[in-house]
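Below is one structure; the comments refer to it alone.
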Amino acid sequence: MDFEFTSEQQALAKRVREFAADRVAPYRHESDARRGYRSGLLAEMGEEGLFSLRVPEEYGGRGLDAVSAGVALEELAAADLSVCYPVLNAALIGGVLAANGTPEQLAGWLPPIATGEAIVALCLTEPGHGTDAAGIEMRAEPDGDGWVLNGEKTSIMLAAYATHGLVFARTGEPGAHGITAFYVRLDEARVSREVLSDLGCRSGGRGRLVLDGVRVGPRDVVGQPGLGFAAVMRGFGVSRALISLMALGVGRAALDEAVAHAGAREAFGERIGRFQGVAFPLVEHATMLHAARLVSYEALWRADGGLDPRLPSNMAKWWAPKAAMEAVHQSLLTMGHLGWSEDGPVAQRLRDVIGLQLADGTAAATKLVVARKLLGRENAP
């Protein structure tokens with residue numbers, strides 16, 4: 001058992017940390033206030049290779065393992081959680097495409113994702129179907145040798161920026177086995193967008209997409225008709241651990257800021273870190289973040305080793321965002337009026353991290369996966 005990152009992973013962490021400190025962190029408040037990424041950011045991230053982490057080398061990517069993707073996202077989240085989403089989506093959707101596409105499809109799909117020319121969105125959630133994703137209603141109506149897509153997807157992160165989407169629509173019977181995945185261009189006239197007003201991650205461009213008669217053909221099908229839902233659920237075994245590390249990156253950054261404040265701020269003739277009422281809560285939250293981080297990386301390590309990552313991944317997904325949110329909250333309390341102020345370093349982090357308790361599966365949904373693994377489906381909810 002080895003708890004150290006490889007030298008390559010350590011070098012990646014350093015490189016991403018330096019990029020984030022220079023090109024991301026200084027613009028965090030500005031991007032949040034204007035509800036959009038600064039001009040040129042996505043292109044810079046593409047040049048830095050952040051979209052190519054999980055894309056196979058033969059298609060222009062770096063072909064890195066899941067642990068390395070976690071390392072990169074954790075560092076990026078510490079600077080600004082919102083900018084993680086195009087990197088996360090490139091890793092998740094690139095992985096789903098690579099596992100299910102034909103060589104001809106992958107040659108067309110993956111190189112633009114690797115460079116950032118294609119910004120991709122996961123288009124699964126609908127107004128009436130979030131956690132109950134297998135119940136989606138968007139129809140793919142047969143049309144010659146293809147289909148026509150009509151319907152709405154909502155709560156889609158990167159809806160404001162995405163050029164392409166992994167769109168899930170019903171081609172068959174009710175339930176999971178009637179859903180097909182399509183890789184669809186979104187920058188066309190038959191797709192309309194509306195950006196939603198959010199509590200946090202405001203620059204991430206979460207919104208709704210309405211597809212009105214978008215035609216797709218056999219070459220746009222990911223895998224086989226009727227198997228789309230299963231494909232994305234397999235991808236969640238990795239993405240839920242990645243999201244957990246994003247949350248932990250935010251929690252770690254906020255806790256670091258609180259620790260620095262506790263070592264500098266004076267009250268009653270002492271630096272406040274010398275008071276147990278200040279120091280001990282920080283210790284407790286540092287412990288929770290550390291433990292949740294180990295579970296998250298265990299899931300990615302299992303995925304890299306060809307083992308089933310779902311148990312630790314779902315454990316991490318319900319726990320890590322909660323632990324991170326609570327750590328950020330404690331950091332805000334530690335910093336007092338500086339933490340409460342939107343001009344300070346912590347308030348935005350609290351708004352941002354709350355959303356990760358919903359993304360890619362709520363606590364209830366992920367606990368259900370764990371319960372069924374522990375108890376068996378016949379004995380679990």
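A note on labels: chains of the structure tokens are A, B, ... as shown, every chain counts residues from 1, and ligands are counted from 1 in their shown order.
If you count only C-alpha atoms and ignore residues fewer than 3 places along the chain from range 295-302 of chain A, what sits within 6 Å of it is Ala66, Val67, Ala241, Ala292, Gly305, Leu307, Pro309, Pro312, Ser313 and Ala316 of chain A.
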What does the file look like for those residues with N, CA, C and O atoms, as a PDB file, in the first residue's frame?
ATOM      1  N   ALA A  66      -6.968   7.816 -13.789  1.00  0.00           N
ATOM      2  CA  ALA A  66      -8.007   8.530 -13.047  1.00  0.00           C
ATOM      3  C   ALA A  66      -7.435   9.282 -11.853  1.00  0.00           C
ATOM      4  O   ALA A  66      -7.902  10.379 -11.524  1.00  0.00           O
ATOM      5  N   VAL A  67      -6.446   8.711 -11.181  1.00  0.00           N
ATOM      6  CA  VAL A  67      -5.827   9.399 -10.041  1.00  0.00           C
ATOM      7  C   VAL A  67      -5.234  10.732 -10.493  1.00  0.00           C
ATOM      8  O   VAL A  67      -5.380  11.759  -9.810  1.00  0.00           O
ATOM      9  N   ALA A 241     -16.056  10.318  -7.733  1.00  0.00           N
ATOM     10  CA  ALA A 241     -14.838  10.494  -6.941  1.00  0.00           C
ATOM     11  C   ALA A 241     -14.111  11.774  -7.339  1.00  0.00           C
ATOM     12  O   ALA A 241     -13.545  12.467  -6.479  1.00  0.00           O
ATOM     13  N   ALA A 292     -11.825  11.842   4.008  1.00  0.00           N
ATOM     14  CA  ALA A 292     -12.641  11.791   2.796  1.00  0.00           C
ATOM     15  C   ALA A 292     -11.765  11.781   1.547  1.00  0.00           C
ATOM     16  O   ALA A 292     -12.100  11.148   0.537  1.00  0.00           O
ATOM     17  N   GLY A 305      -6.961   0.296 -11.522  1.00  0.00           N
ATOM     18  CA  GLY A 305      -6.526  -1.090 -11.433  1.00  0.00           C
ATOM     19  C   GLY A 305      -7.508  -2.086 -12.019  1.00  0.00           C
ATOM     20  O   GLY A 305      -7.319  -3.302 -11.865  1.00  0.00           O
ATOM     21  N   LEU A 307     -10.544  -2.496 -11.021  1.00  0.00           N
ATOM     22  CA  LEU A 307     -11.434  -2.967  -9.968  1.00  0.00           C
ATOM     23  C   LEU A 307     -12.696  -2.095  -9.931  1.00  0.00           C
ATOM     24  O   LEU A 307     -12.731  -0.998 -10.492  1.00  0.00           O
ATOM     25  N   PRO A 309     -14.973   0.585  -8.699  1.00  0.00           N
ATOM     26  CA  PRO A 309     -14.785   1.741  -7.806  1.00  0.00           C
ATOM     27  C   PRO A 309     -16.059   2.218  -7.136  1.00  0.00           C
ATOM     28  O   PRO A 309     -16.032   3.182  -6.384  1.00  0.00           O
ATOM     29  N   PRO A 312     -16.388   2.820  -2.823  1.00  0.00           N
ATOM     30  CA  PRO A 312     -15.732   4.011  -2.278  1.00  0.00           C
ATOM     31  C   PRO A 312     -16.130   5.296  -3.002  1.00  0.00           C
ATOM     32  O   PRO A 312     -16.187   6.366  -2.384  1.00  0.00           O
ATOM     33  N   SER A 313     -16.425   5.209  -4.297  1.00  0.00           N
ATOM     34  CA  SER A 313     -16.797   6.408  -5.043  1.00  0.00           C
ATOM     35  C   SER A 313     -18.097   6.997  -4.525  1.00  0.00           C
ATOM     36  O   SER A 313     -18.225   8.217  -4.331  1.00  0.00           O
ATOM     37  N   ALA A 316     -17.617   8.378  -1.033  1.00  0.00           N
ATOM     38  CA  ALA A 316     -16.970   9.681  -1.111  1.00  0.00           C
ATOM     39  C   ALA A 316     -17.949  10.755  -1.558  1.00  0.00           C
ATOM     40  O   ALA A 316     -17.947  11.879  -1.032  1.00  0.00           O
TER      41      ALA A 316
END
### Task
Find the spatial neighbours of Gly172 in chain A, counting only C-alpha atoms, within a cut-off of 7 Å - ignore same-chain residues fewer than 6 positions away - and output them as a list in words.
Gly178, Ile179 and Gly226 of chain A
### Message
Residues within 9 Å of Arg206 in chain A, please, as number ranges by chain. Count only C-alpha atoms; anything in the same chain fewer than 2 positions from it doesn't count.
### Response
A: 154-160, 194-198, 201-204, 208
Atoms to include: C-alpha atoms. Write the selected residues as a CSV table (one decimal), in the first residue's frame.
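Once everything was written out, this is out-v5.csv:
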chain,number,residue,atom,x,y,z
A,154,THR,CA,-32.2,21.5,-17.5
A,155,SER,CA,-29.6,22.1,-14.8
A,156,ILE,CA,-26.9,21.5,-17.4
A,157,MET,CA,-23.5,22.7,-16.3
A,158,LEU,CA,-21.7,24.6,-19.1
A,159,ALA,CA,-24.9,25.1,-21.0
A,160,ALA,CA,-23.7,28.7,-21.7
A,194,GLU,CA,-31.2,30.0,-21.1
A,195,VAL,CA,-28.6,30.5,-18.3
A,196,LEU,CA,-30.0,30.0,-14.8
A,197,SER,CA,-29.4,32.3,-11.8
A,198,ASP,CA,-27.5,30.3,-9.2
A,201,CYS,CA,-20.5,28.6,-9.3
A,202,ARG,CA,-22.1,31.5,-11.2
A,203,SER,CA,-19.5,31.5,-13.9
A,204,GLY,CA,-20.1,27.9,-14.7
A,208,ARG,CA,-31.4,24.9,-19.8
### Message
Considering only helix (DSSP H, G or I) as DSSP defines it on the backbone, what residues of range 89-220 of chain A qualify? List them as a PyMOL selection string.
### Response
chain A and resi 89-100+103-115+133-135+176-178+202-204+218-220
### Task
Find the distance between CA of Trp147 in chain A and CA of Leu227 in chain A and write it in Å to one decimal.
15.9 Å
Applying 10 Å and only C-alpha atoms, which residues near Glu326 in chain A remain after dropping the ones on its own chain fewer than 3 positions away? List them as a PDB file with N, CA and C atoms, in the first residue's frame.
ATOM      1  N   GLY A 251     -12.599  22.833   0.228  1.00  0.00           N
ATOM      2  CA  GLY A 251     -12.513  22.776   1.682  1.00  0.00           C
ATOM      3  C   GLY A 251     -11.103  23.007   2.180  1.00  0.00           C
ATOM      4  N   HIS A 285     -12.111  19.462  11.391  1.00  0.00           N
ATOM      5  CA  HIS A 285     -12.442  19.536   9.968  1.00  0.00           C
ATOM      6  C   HIS A 285     -11.260  19.111   9.098  1.00  0.00           C
ATOM      7  N   MET A 288     -11.548  15.362   8.959  1.00  0.00           N
ATOM      8  CA  MET A 288     -12.616  14.902   8.068  1.00  0.00           C
ATOM      9  C   MET A 288     -12.215  15.036   6.600  1.00  0.00           C
ATOM     10  N   LEU A 289     -11.610  16.156   6.241  1.00  0.00           N
ATOM     11  CA  LEU A 289     -11.176  16.349   4.856  1.00  0.00           C
ATOM     12  C   LEU A 289     -10.112  15.327   4.470  1.00  0.00           C
ATOM     13  N   ALA A 320     -17.839  13.618   1.043  1.00  0.00           N
ATOM     14  CA  ALA A 320     -16.846  14.668   0.814  1.00  0.00           C
ATOM     15  C   ALA A 320     -17.470  16.052   0.614  1.00  0.00           C
ATOM     16  N   PRO A 321     -18.508  16.214  -0.216  1.00  0.00           N
ATOM     17  CA  PRO A 321     -19.087  17.557  -0.334  1.00  0.00           C
ATOM     18  C   PRO A 321     -19.658  18.081   0.976  1.00  0.00           C
ATOM     19  N   LYS A 322     -20.241  17.200   1.774  1.00  0.00           N
ATOM     20  CA  LYS A 322     -20.759  17.607   3.084  1.00  0.00           C
ATOM     21  C   LYS A 322     -19.614  18.029   4.004  1.00  0.00           C
ATOM     22  N   ALA A 323     -18.547  17.223   4.041  1.00  0.00           N
ATOM     23  CA  ALA A 323     -17.397  17.556   4.876  1.00  0.00           C
ATOM     24  C   ALA A 323     -16.755  18.856   4.422  1.00  0.00           C
ATOM     25  N   HIS A 329     -17.671  26.364   6.100  1.00  0.00           N
ATOM     26  CA  HIS A 329     -18.499  27.093   7.071  1.00  0.00           C
ATOM     27  C   HIS A 329     -17.693  27.414   8.331  1.00  0.00           C
ATOM     28  N   GLN A 330     -16.954  26.430   8.849  1.00  0.00           N
ATOM     29  CA  GLN A 330     -16.137  26.676  10.033  1.00  0.00           C
ATOM     30  C   GLN A 330     -15.058  27.706   9.743  1.00  0.00           C
ATOM     31  N   SER A 331     -14.505  27.673   8.551  1.00  0.00           N
ATOM     32  CA  SER A 331     -13.495  28.669   8.181  1.00  0.00           C
ATOM     33  C   SER A 331     -14.090  30.063   8.196  1.00  0.00           C
ATOM     34  N   LEU A 332     -15.330  30.185   7.688  1.00  0.00           N
ATOM     35  CA  LEU A 332     -16.010  31.483   7.703  1.00  0.00           C
ATOM     36  C   LEU A 332     -16.192  31.975   9.138  1.00  0.00           C
ATOM     37  N   LEU A 350     -18.097  29.041   0.079  1.00  0.00           N
ATOM     38  CA  LEU A 350     -19.244  28.382   0.702  1.00  0.00           C
ATOM     39  C   LEU A 350     -20.403  28.284  -0.283  1.00  0.00           C
ATOM     40  N   VAL A 353     -19.450  25.537  -3.052  1.00  0.00           N
ATOM     41  CA  VAL A 353     -19.302  24.120  -2.719  1.00  0.00           C
ATOM     42  C   VAL A 353     -20.626  23.454  -2.384  1.00  0.00           C
ATOM     43  N   ILE A 354     -21.623  24.228  -1.975  1.00  0.00           N
ATOM     44  CA  ILE A 354     -22.918  23.650  -1.626  1.00  0.00           C
ATOM     45  C   ILE A 354     -23.497  22.863  -2.804  1.00  0.00           C
TER      46      ILE A 354
END
### Which of A:Leu242, A:Met315, A:Leu106, A:Val283 sits closest to Val221 in chain A [using only C-alpha atoms]
A:Leu106
